[in-house]
Amino acid sequence: MALSREQIAQRVAQELKDGYYVNLGIGIPTLVANYVPEDIEVMLQSENGLLGMGQFPTEDEIDADLINAGKQTVTMATGASIFDSAESFAMIRGGHVDLTVLGAFEVDSMGNIASYMIPGKLIKGMGGAMDLVAGADNIIVTMTHASKHGVSKLLNQCTLPLTGKGCIKKVLTDLAFMEIKEGKFHLLERAPGVSIDDIVKLTEGELVIPDHVPEMLF
Amino acid sequence: MAGFDKVVSSYEEAMAGLEDNMTVIAGGFGLCGIPENLISEIKRKGTKGLTVVSNNCGVDDFGLGILLPDRQIKKIVASYVGENAEFERQMMAGELEVELTPQGTLAEKMRAGGAGIPAFYTATGYGTPVAEGKEEREFNGRKYILEPAITGDFAIVKAWKADRYGNLVFRKTARNFNPLAATAGKITVVEVEEIVEVGELDPDQIHTPGIYVNRLILGSFEKRIEQRTVRPAHSA
């Protein structure tokens, strides 16, 4: 069975380590915050200028001056700090964030990512995504493996305008966890009940399949 | 009182000298920390042909979005737009020029502009549409693109508190682009929620020193929330 959005978030959360500073993109990545293991501490960076993002406020706690990068009202965790946008992107571009999780439309076997623009459709902009993919070393892209029509999103070459070039090394889809190296996708894990054949069929880019591909554990 | 006193008493005075076709840099992220009354004054003045530099462009009836119906904005430099219908219509119709700029690059462009640095290299945008027409250079085996700095004829800024000399303190994530915008305007106009006497702010706690500020005005703010998200009170 393909993973649900929640399961994708849960699997990403297994990659969190104690003491990590983490930036979570909008969508599935945001859900990762719900699955932080209880025995570790992570601090969430929100690129509008908050390190140590807390949960959503109660009705009484709502503060128009305190939002996240998705423009949602939030709170501050204990030990949080606030800074301006240049400082925020110094953290991101300077490689100080330990893990970045973001979504994509397409990823290719050269580590290119396309995530912000579909020509002919309304273009809203890249926000901080180009900075995040260029600045971070440890990035996990979360996405569906293929479109609803069964068209692969893991390609030999991205067809959409790029968000970043040669910067993606790990991709988690609803079917598989993969690493990108030497111009190939390497299959690390598969979703429970998903066969290697299913994954092969929906992967356009070259896929390296080791002898043993474990199922993800939840 | 002259000297270092930056306080002006009307919004008309605050935005005096803004003319058609000028460049205005605005602070704010979404609707958070936007100079809402200074934007309203630009609408009232009817200044046209503006190039606006701001992370976003407001919503239909609030923030920079209110400058759209009368076609006051010719060009916008932003990282994320399209939260309003009129913006979308003007962009699709080719009536509004949009220069999409990565958020970190936008912040750095303002910072550099305000610091007298004409351009800088960054890995952000390399190999993407953002790199088109820009110089590329390799440092330590990695490719970078040259991004020019931005300065404005005016910068419009929202801070929380100021003293009469224009020393500024921001509040929570309403800080965002505001301190950077403040440095990058030939004329920097700041609106605040409270003005205190000189000496009342702790010098160690000032975010933006008054040297960057030309005009200061006391305002009252709606502070509209774009995405009101809450958790139930009992789940604390």
# chains A, B, ... in the order shown; residues from 1 in each chain; ligands from 1
call {"tool": "residues_around", "arguments": {"residues": "A:Gly27", "least_positions_apart": "3", "cutoff": "10 Å", "atoms": "only C-alpha atoms", "output": "compact mmCIF listing (two decimals) with N, CA, C and O atoms, in the first residue's frame"}}
result
# COMPACT_ATOMS: atom_id res chain seq x y z
N ARG A 5 -0.23 10.53 3.60
CA ARG A 5 0.54 11.75 3.92
C ARG A 5 1.13 11.65 5.32
O ARG A 5 2.28 11.99 5.55
N ALA A 9 5.12 11.59 6.58
CA ALA A 9 5.64 12.46 7.64
C ALA A 9 6.28 11.64 8.75
O ALA A 9 7.35 11.98 9.27
N LEU A 24 10.92 22.89 7.94
CA LEU A 24 9.88 22.08 7.31
C LEU A 24 9.10 22.93 6.32
O LEU A 24 8.58 23.98 6.68
N THR A 30 5.22 19.86 6.87
CA THR A 30 4.72 20.47 8.10
C THR A 30 4.24 19.40 9.09
O THR A 30 4.39 19.55 10.30
N LEU A 31 3.68 18.32 8.55
CA LEU A 31 3.13 17.25 9.41
C LEU A 31 4.22 16.53 10.20
O LEU A 31 3.92 15.87 11.19
N VAL A 32 5.48 16.63 9.73
CA VAL A 32 6.57 15.94 10.41
C VAL A 32 6.64 16.36 11.89
O VAL A 32 6.95 15.56 12.76
N GLY A 70 4.19 29.81 6.49
CA GLY A 70 2.94 29.59 5.79
C GLY A 70 1.89 30.64 6.17
O GLY A 70 0.72 30.49 5.83
N LEU A 102 11.18 19.31 2.16
CA LEU A 102 10.28 20.08 1.31
C LEU A 102 9.68 19.22 0.21
O LEU A 102 10.17 18.13 -0.06
N GLY A 103 8.63 19.72 -0.38
CA GLY A 103 7.92 19.00 -1.42
C GLY A 103 8.46 19.34 -2.81
O GLY A 103 9.31 20.21 -2.96
N THR A 142 9.85 15.23 -0.06
CA THR A 142 8.69 14.35 0.07
C THR A 142 7.73 14.65 -1.08
O THR A 142 7.47 15.81 -1.38
N MET A 143 7.25 13.60 -1.72
CA MET A 143 6.38 13.79 -2.88
C MET A 143 5.68 12.47 -3.20
O MET A 143 6.04 11.42 -2.66
call {"tool": "select_by_dssp", "arguments": {"residues": "stretch 52-224 of chain B", "states": "helix (DSSP H, G or I)", "output": "PyMOL selection string"}}
result
chain B and resi 63-67+85-92+103-114+129-131+172-174+178-183+203-205+210-212
call {"tool": "closest_residue", "arguments": {"among": "B:Pro148, B:Gly127, B:Pro102, B:Gly58", "to": "A:Gly164", "atoms": "only C-alpha atoms"}}
result
B:Gly127
call {"tool": "interface_residues", "arguments": {"of": "chain B", "to": "chain A", "cutoff": "7 Å", "atoms": "only C-alpha atoms", "output": "ChimeraX atom specification"}}
result
/B:29-30,32-33,79-82,100,102-104,107-108,123-129,171-177,179,223-233
call {"tool": "atom_distance", "arguments": {"atom1": "atom CA of A:Asp174", "atom2": "atom CA of A:Ser4"}}
result
6.8 Å
call {"tool": "residues_around", "arguments": {"residues": "A:Val101", "least_positions_apart": "6", "cutoff": "9 Å", "atoms": "only C-alpha atoms", "output": "list in words"}}
result
Val12, Val22, Asn23, Leu24, Gly25, Ile28, Pro29, Thr30, Val32, Asn138, Ile139, Ile140, Val141 and Thr142 of chain A
call {"tool": "write_last_selection", "arguments": {"atoms": "all heavy atoms", "output": "tab-separated table (two decimals), in the first residue's frame"}}
result
chain	number	residue	atom	x	y	z
A	12	VAL	N	9.69	10.37	7.67
A	12	VAL	CA	10.69	11.46	7.71
A	12	VAL	C	11.13	11.69	9.15
A	12	VAL	O	12.32	11.87	9.42
A	12	VAL	CB	10.12	12.77	7.12
A	12	VAL	CG1	11.10	13.94	7.37
A	12	VAL	CG2	9.87	12.64	5.62
A	22	VAL	N	15.73	22.20	12.24
A	22	VAL	CA	15.02	21.64	11.09
A	22	VAL	C	14.13	22.69	10.44
A	22	VAL	O	13.44	23.44	11.14
A	22	VAL	CB	14.14	20.44	11.54
A	22	VAL	CG1	13.40	19.84	10.36
A	22	VAL	CG2	14.99	19.38	12.23
A	23	ASN	N	14.15	22.74	9.13
A	23	ASN	CA	13.19	23.59	8.41
A	23	ASN	C	12.21	22.71	7.66
A	23	ASN	O	12.62	21.85	6.86
A	23	ASN	CB	13.92	24.53	7.43
A	23	ASN	CG	12.94	25.47	6.73
A	23	ASN	OD1	12.11	25.03	5.93
A	23	ASN	ND2	13.03	26.75	7.02
A	24	LEU	N	10.92	22.89	7.94
A	24	LEU	CA	9.88	22.08	7.31
A	24	LEU	C	9.10	22.93	6.32
A	24	LEU	O	8.58	23.98	6.68
A	24	LEU	CB	8.93	21.52	8.37
A	24	LEU	CG	9.56	20.64	9.45
A	24	LEU	CD1	8.51	20.24	10.48
A	24	LEU	CD2	10.22	19.41	8.85
A	25	GLY	N	9.01	22.48	5.09
A	25	GLY	CA	8.23	23.20	4.08
A	25	GLY	C	6.74	23.05	4.29
A	25	GLY	O	6.29	22.36	5.21
A	28	ILE	N	3.00	18.31	3.33
A	28	ILE	CA	3.39	17.11	4.08
A	28	ILE	C	4.53	17.40	5.06
A	28	ILE	O	4.49	16.96	6.21
A	28	ILE	CB	3.78	15.95	3.13
A	28	ILE	CG1	2.53	15.48	2.34
A	28	ILE	CG2	4.36	14.77	3.90
A	28	ILE	CD1	2.83	14.44	1.26
A	29	PRO	N	5.58	18.15	4.63
A	29	PRO	CA	6.69	18.39	5.56
A	29	PRO	C	6.23	18.98	6.90
A	29	PRO	O	6.76	18.63	7.95
A	29	PRO	CB	7.58	19.38	4.80
A	29	PRO	CG	7.36	19.03	3.37
A	29	PRO	CD	5.90	18.68	3.27
A	30	THR	N	5.22	19.86	6.87
A	30	THR	CA	4.72	20.47	8.10
A	30	THR	C	4.24	19.40	9.09
A	30	THR	O	4.39	19.55	10.30
A	30	THR	CB	3.55	21.43	7.79
A	30	THR	OG1	4.00	22.36	6.80
A	30	THR	CG2	3.10	22.19	9.01
A	32	VAL	N	5.48	16.63	9.73
A	32	VAL	CA	6.57	15.94	10.41
A	32	VAL	C	6.64	16.36	11.89
A	32	VAL	O	6.95	15.56	12.76
A	32	VAL	CB	7.92	16.20	9.70
A	32	VAL	CG1	9.09	15.61	10.48
A	32	VAL	CG2	7.88	15.64	8.28
A	138	ASN	N	21.63	18.53	3.91
A	138	ASN	CA	20.78	17.39	4.24
A	138	ASN	C	19.32	17.73	3.94
A	138	ASN	O	18.65	18.40	4.73
A	138	ASN	CB	20.97	17.06	5.73
A	138	ASN	CG	20.34	15.75	6.12
A	138	ASN	OD1	19.97	14.94	5.26
A	138	ASN	ND2	20.19	15.54	7.42
A	139	ILE	N	18.86	17.32	2.79
A	139	ILE	CA	17.51	17.65	2.35
A	139	ILE	C	16.75	16.35	2.09
A	139	ILE	O	17.28	15.44	1.46
A	139	ILE	CB	17.53	18.44	1.02
A	139	ILE	CG1	18.37	19.72	1.16
A	139	ILE	CG2	16.11	18.77	0.55
A	139	ILE	CD1	18.69	20.39	-0.16
A	140	ILE	N	15.52	16.27	2.57
A	140	ILE	CA	14.64	15.17	2.17
A	140	ILE	C	13.48	15.77	1.39
A	140	ILE	O	12.79	16.67	1.88
A	140	ILE	CB	14.11	14.37	3.37
A	140	ILE	CG1	15.28	13.76	4.15
A	140	ILE	CG2	13.14	13.28	2.91
A	140	ILE	CD1	14.86	13.01	5.41
A	141	VAL	N	13.30	15.30	0.17
A	141	VAL	CA	12.15	15.73	-0.63
A	141	VAL	C	11.03	14.72	-0.41
A	141	VAL	O	11.24	13.51	-0.54
A	141	VAL	CB	12.51	15.80	-2.12
A	141	VAL	CG1	11.27	16.09	-2.96
A	141	VAL	CG2	13.57	16.87	-2.35
A	142	THR	N	9.85	15.23	-0.06
A	142	THR	CA	8.69	14.35	0.07
A	142	THR	C	7.73	14.65	-1.08
A	142	THR	O	7.47	15.81	-1.38
A	142	THR	CB	7.95	14.58	1.41
A	142	THR	OG1	7.54	15.93	1.48
A	142	THR	CG2	8.84	14.24	2.59
call {"tool": "select_by_dssp", "arguments": {"residues": "stretch 18-211 of chain A", "states": "strand (DSSP E)", "output": "ChimeraX atom specification"}}
result
/A:20-24,42-46,50-53,76-82,99-103,106-108,113-114,139-143,154-155,170-173,176-181,184-190,207-208
call {"tool": "write_last_selection", "arguments": {"atoms": "C-alpha atoms", "output": "mmCIF file, in the first residue's frame"}}
result
data_model
loop_
_atom_site.group_PDB
_atom_site.id
_atom_site.type_symbol
_atom_site.label_atom_id
_atom_site.label_comp_id
_atom_site.auth_asym_id
_atom_site.auth_seq_id
_atom_site.Cartn_x
_atom_site.Cartn_y
_atom_site.Cartn_z
ATOM 1 C CA TYR A 20 18.673 19.026 15.076
ATOM 2 C CA TYR A 21 17.655 22.429 13.723
ATOM 3 C CA VAL A 22 15.025 21.637 11.094
ATOM 4 C CA ASN A 23 13.193 23.592 8.408
ATOM 5 C CA LEU A 24 9.883 22.083 7.307
ATOM 6 C CA VAL A 42 14.506 19.346 17.706
ATOM 7 C CA MET A 43 14.075 23.041 16.990
ATOM 8 C CA LEU A 44 11.986 24.185 14.035
ATOM 9 C CA GLN A 45 13.208 27.066 11.886
ATOM 10 C CA SER A 46 10.616 29.182 10.126
ATOM 11 C CA LEU A 50 11.717 32.372 13.981
ATOM 12 C CA LEU A 51 13.889 29.607 15.395
ATOM 13 C CA GLY A 52 11.973 27.530 17.899
ATOM 14 C CA MET A 53 8.500 27.441 16.405
ATOM 15 C CA MET A 76 7.184 30.199 20.254
ATOM 16 C CA ALA A 77 8.772 27.193 21.901
ATOM 17 C CA THR A 78 10.831 27.699 25.051
ATOM 18 C CA GLY A 79 14.273 28.886 23.985
ATOM 19 C CA ALA A 80 13.041 30.440 20.739
ATOM 20 C CA SER A 81 14.739 33.363 19.035
ATOM 21 C CA ILE A 82 13.555 35.973 16.546
ATOM 22 C CA LEU A 99 17.683 19.028 7.984
ATOM 23 C CA THR A 100 15.368 20.545 5.411
ATOM 24 C CA VAL A 101 12.184 18.799 4.307
ATOM 25 C CA LEU A 102 10.278 20.076 1.312
ATOM 26 C CA GLY A 103 7.923 19.001 -1.425
ATOM 27 C CA GLU A 106 9.657 16.506 -10.041
ATOM 28 C CA VAL A 107 13.098 15.277 -9.053
ATOM 29 C CA ASP A 108 15.635 13.789 -11.447
ATOM 30 C CA ILE A 113 14.444 19.589 -8.303
ATOM 31 C CA ALA A 114 11.439 21.378 -9.805
ATOM 32 C CA ILE A 139 17.507 17.650 2.346
ATOM 33 C CA ILE A 140 14.642 15.168 2.165
ATOM 34 C CA VAL A 141 12.151 15.728 -0.630
ATOM 35 C CA THR A 142 8.691 14.350 0.073
ATOM 36 C CA MET A 143 6.377 13.787 -2.878
ATOM 37 C CA LEU A 154 11.265 10.665 -10.639
ATOM 38 C CA LEU A 155 12.841 11.415 -13.973
ATOM 39 C CA LYS A 170 17.236 11.903 -0.602
ATOM 40 C CA VAL A 171 13.670 11.424 -1.805
ATOM 41 C CA LEU A 172 10.804 9.873 0.112
ATOM 42 C CA THR A 173 7.696 9.093 -1.887
ATOM 43 C CA ALA A 176 9.861 4.291 -1.658
ATOM 44 C CA PHE A 177 12.787 5.917 0.101
ATOM 45 C CA MET A 178 15.635 6.578 -2.313
ATOM 46 C CA GLU A 179 19.062 8.091 -2.402
ATOM 47 C CA ILE A 180 20.392 9.916 -5.457
ATOM 48 C CA LYS A 181 24.057 9.435 -6.265
ATOM 49 C CA LYS A 184 21.023 7.236 -10.373
ATOM 50 C CA PHE A 185 18.218 6.624 -7.918
ATOM 51 C CA HIS A 186 19.208 4.002 -5.357
ATOM 52 C CA LEU A 187 16.313 2.192 -3.715
ATOM 53 C CA LEU A 188 16.776 2.095 0.061
ATOM 54 C CA GLU A 189 13.358 1.084 1.382
ATOM 55 C CA ARG A 190 9.911 0.366 0.067
ATOM 56 C CA LEU A 207 16.923 2.851 -10.489
ATOM 57 C CA VAL A 208 19.554 0.794 -8.711
#
call {"tool": "atom_distance", "arguments": {"atom1": "atom CA of B:Phe170", "atom2": "atom CA of A:Met91"}}
result
19.9 Å
call {"tool": "residues_around", "arguments": {"residues": "B:Gly185", "least_positions_apart": "6", "cutoff": "9 Å", "atoms": "only C-alpha atoms", "output": "list of chain:residue names"}}
result
B:Val24, B:Ile25, B:Gly113, B:Gly114, B:Thr151, B:Gly152, B:Asp153, B:Phe154, B:Ala155, B:Ile156, B:Tyr212, B:Val213
call {"tool": "closest_residue", "arguments": {"among": "B:Gly17, B:Gly27, B:Gly133, B:Gly199", "to": "B:Leu64", "atoms": "only C-alpha atoms"}}
result
B:Gly27
call {"tool": "residues_around", "arguments": {"residues": "B:Leu201", "least_positions_apart": "5", "cutoff": "10 Å", "atoms": "only C-alpha atoms", "output": "ChimeraX atom specification"}}
result
/B:161-163,167-169,196,206
call {"tool": "write_last_selection", "arguments": {"atoms": "N, CA and C atoms", "output": "PDB file, in the first residue's frame"}}
result
ATOM      1  N   LYS B 161       8.139  49.825  18.396  1.00  0.00           N
ATOM      2  CA  LYS B 161       8.423  50.958  19.259  1.00  0.00           C
ATOM      3  C   LYS B 161       9.579  51.741  18.683  1.00  0.00           C
ATOM      4  N   ALA B 162       9.570  53.034  18.923  1.00  0.00           N
ATOM      5  CA  ALA B 162      10.727  53.839  18.542  1.00  0.00           C
ATOM      6  C   ALA B 162      10.916  54.943  19.555  1.00  0.00           C
ATOM      7  N   ASP B 163      12.129  55.477  19.638  1.00  0.00           N
ATOM      8  CA  ASP B 163      12.280  56.751  20.342  1.00  0.00           C
ATOM      9  C   ASP B 163      12.276  57.856  19.283  1.00  0.00           C
ATOM     10  N   ASN B 167      15.381  55.339  16.668  1.00  0.00           N
ATOM     11  CA  ASN B 167      15.887  54.016  17.072  1.00  0.00           C
ATOM     12  C   ASN B 167      14.692  53.081  17.161  1.00  0.00           C
ATOM     13  N   LEU B 168      14.813  51.900  16.553  1.00  0.00           N
ATOM     14  CA  LEU B 168      13.635  51.043  16.400  1.00  0.00           C
ATOM     15  C   LEU B 168      13.754  49.706  17.122  1.00  0.00           C
ATOM     16  N   VAL B 169      12.600  49.267  17.619  1.00  0.00           N
ATOM     17  CA  VAL B 169      12.473  47.919  18.172  1.00  0.00           C
ATOM     18  C   VAL B 169      11.296  47.260  17.451  1.00  0.00           C
ATOM     19  N   VAL B 196       8.573  56.646  22.250  1.00  0.00           N
ATOM     20  CA  VAL B 196       9.006  56.996  23.608  1.00  0.00           C
ATOM     21  C   VAL B 196      10.062  58.094  23.537  1.00  0.00           C
ATOM     22  N   ILE B 206      18.151  47.824  20.905  1.00  0.00           N
ATOM     23  CA  ILE B 206      17.668  48.470  19.675  1.00  0.00           C
ATOM     24  C   ILE B 206      18.021  47.605  18.468  1.00  0.00           C
TER      25      ILE B 206
END
call {"tool": "closest_residue", "arguments": {"among": "A:Glu38, A:Asp197, A:Glu6, A:Glu204", "to": "A:Ala146", "atoms": "only C-alpha atoms"}}
result
A:Glu204
call {"tool": "closest_residue", "arguments": {"among": "A:Gln7, A:Met110, A:Glu182, A:Val213", "to": "A:Cys167", "atoms": "only C-alpha atoms"}}
result
A:Met110
call {"tool": "atom_distance", "arguments": {"atom1": "atom CA of B:Asp70", "atom2": "atom CA of B:Thr183"}}
result
28.8 Å
call {"tool": "residues_around", "arguments": {"residues": "A:Val36", "least_positions_apart": "3", "cutoff": "8 Å", "atoms": "only C-alpha atoms", "output": "list in words"}}
result
Ala13, Gln14, Leu16, Val32, Ala33, Ile40 and Val42 of chain A
call {"tool": "residues_around", "arguments": {"residues": "stretch 34-42 of chain B", "least_positions_apart": "4", "cutoff": "6 Å", "atoms": "only C-alpha atoms", "output": "MDAnalysis selection string"}}
result
chainID B and resid 27:28 63 157:158
call {"tool": "decode", "arguments": {"residues": "stretch 117-128 of chain A", "atoms": "all heavy atoms", "output": "CSV table (one decimal), in the first residue's frame"}}
result
chain,number,residue,atom,x,y,z
A,117,MET,N,7.0,26.0,-10.2
A,117,MET,CA,6.5,26.7,-11.3
A,117,MET,C,6.0,25.7,-12.4
A,117,MET,O,6.8,24.8,-12.8
A,117,MET,CB,7.5,27.6,-11.9
A,117,MET,CG,7.2,28.2,-13.2
A,117,MET,SD,8.6,29.3,-13.5
A,117,MET,CE,8.2,29.8,-15.2
A,118,ILE,N,4.8,25.8,-12.8
A,118,ILE,CA,4.3,25.0,-13.9
A,118,ILE,C,3.9,26.0,-15.0
A,118,ILE,O,2.9,26.8,-14.8
A,118,ILE,CB,3.0,24.2,-13.5
A,118,ILE,CG1,3.5,23.2,-12.4
A,118,ILE,CG2,2.5,23.5,-14.7
A,118,ILE,CD1,2.3,22.3,-11.9
A,119,PRO,N,4.7,26.1,-16.1
A,119,PRO,CA,4.4,27.1,-17.1
A,119,PRO,C,3.0,27.0,-17.6
A,119,PRO,O,2.5,25.9,-17.8
A,119,PRO,CB,5.4,26.7,-18.2
A,119,PRO,CG,6.6,26.1,-17.5
A,119,PRO,CD,5.9,25.3,-16.4
A,120,GLY,N,2.4,28.2,-17.8
A,120,GLY,CA,1.0,28.2,-18.3
A,120,GLY,C,0.0,28.3,-17.1
A,120,GLY,O,-1.1,28.7,-17.3
A,121,LYS,N,0.4,27.8,-16.0
A,121,LYS,CA,-0.4,27.9,-14.8
A,121,LYS,C,0.0,29.1,-14.0
A,121,LYS,O,1.1,29.7,-14.2
A,121,LYS,CB,-0.4,26.7,-13.9
A,121,LYS,CG,-1.0,25.5,-14.6
A,121,LYS,CD,-1.3,24.4,-13.5
A,121,LYS,CE,-2.0,23.2,-14.2
A,121,LYS,NZ,-2.1,22.1,-13.3
A,122,LEU,N,-0.8,29.5,-13.0
A,122,LEU,CA,-0.4,30.7,-12.2
A,122,LEU,C,0.9,30.4,-11.5
A,122,LEU,O,1.0,29.4,-10.8
A,122,LEU,CB,-1.6,31.0,-11.2
A,122,LEU,CG,-1.3,32.2,-10.3
A,122,LEU,CD1,-1.2,33.5,-11.1
A,122,LEU,CD2,-2.3,32.3,-9.2
A,123,ILE,N,1.8,31.4,-11.6
A,123,ILE,CA,3.1,31.3,-10.9
A,123,ILE,C,3.0,32.1,-9.7
A,123,ILE,O,2.9,33.3,-9.7
A,123,ILE,CB,4.2,31.8,-11.9
A,123,ILE,CG1,4.2,30.9,-13.1
A,123,ILE,CG2,5.5,31.7,-11.2
A,123,ILE,CD1,4.8,31.6,-14.3
A,124,LYS,N,3.1,31.5,-8.6
A,124,LYS,CA,3.1,32.2,-7.3
A,124,LYS,C,4.5,32.6,-6.8
A,124,LYS,O,4.6,33.5,-6.0
A,124,LYS,CB,2.3,31.4,-6.3
A,124,LYS,CG,0.8,31.4,-6.6
A,124,LYS,CD,0.0,31.0,-5.4
A,124,LYS,CE,-1.5,31.3,-5.7
A,124,LYS,NZ,-2.3,31.1,-4.5
A,125,GLY,N,5.5,31.8,-7.2
A,125,GLY,CA,6.8,32.2,-6.7
A,125,GLY,C,7.5,31.1,-5.9
A,125,GLY,O,6.8,30.2,-5.5
A,126,MET,N,8.7,31.3,-5.8
A,126,MET,CA,9.5,30.2,-5.1
A,126,MET,C,9.7,30.5,-3.6
A,126,MET,O,10.1,29.6,-2.9
A,126,MET,CB,10.9,30.2,-5.7
A,126,MET,CG,11.8,31.4,-5.5
A,126,MET,SD,11.3,32.9,-6.4
A,126,MET,CE,11.8,32.5,-8.0
A,127,GLY,N,9.2,31.6,-3.1
A,127,GLY,CA,9.4,31.9,-1.7
A,127,GLY,C,10.8,31.6,-1.3
A,127,GLY,O,11.8,32.1,-1.9
A,128,GLY,N,11.0,30.8,-0.2
A,128,GLY,CA,12.4,30.5,0.2
A,128,GLY,C,12.9,29.2,-0.3
A,128,GLY,O,14.0,28.7,0.1
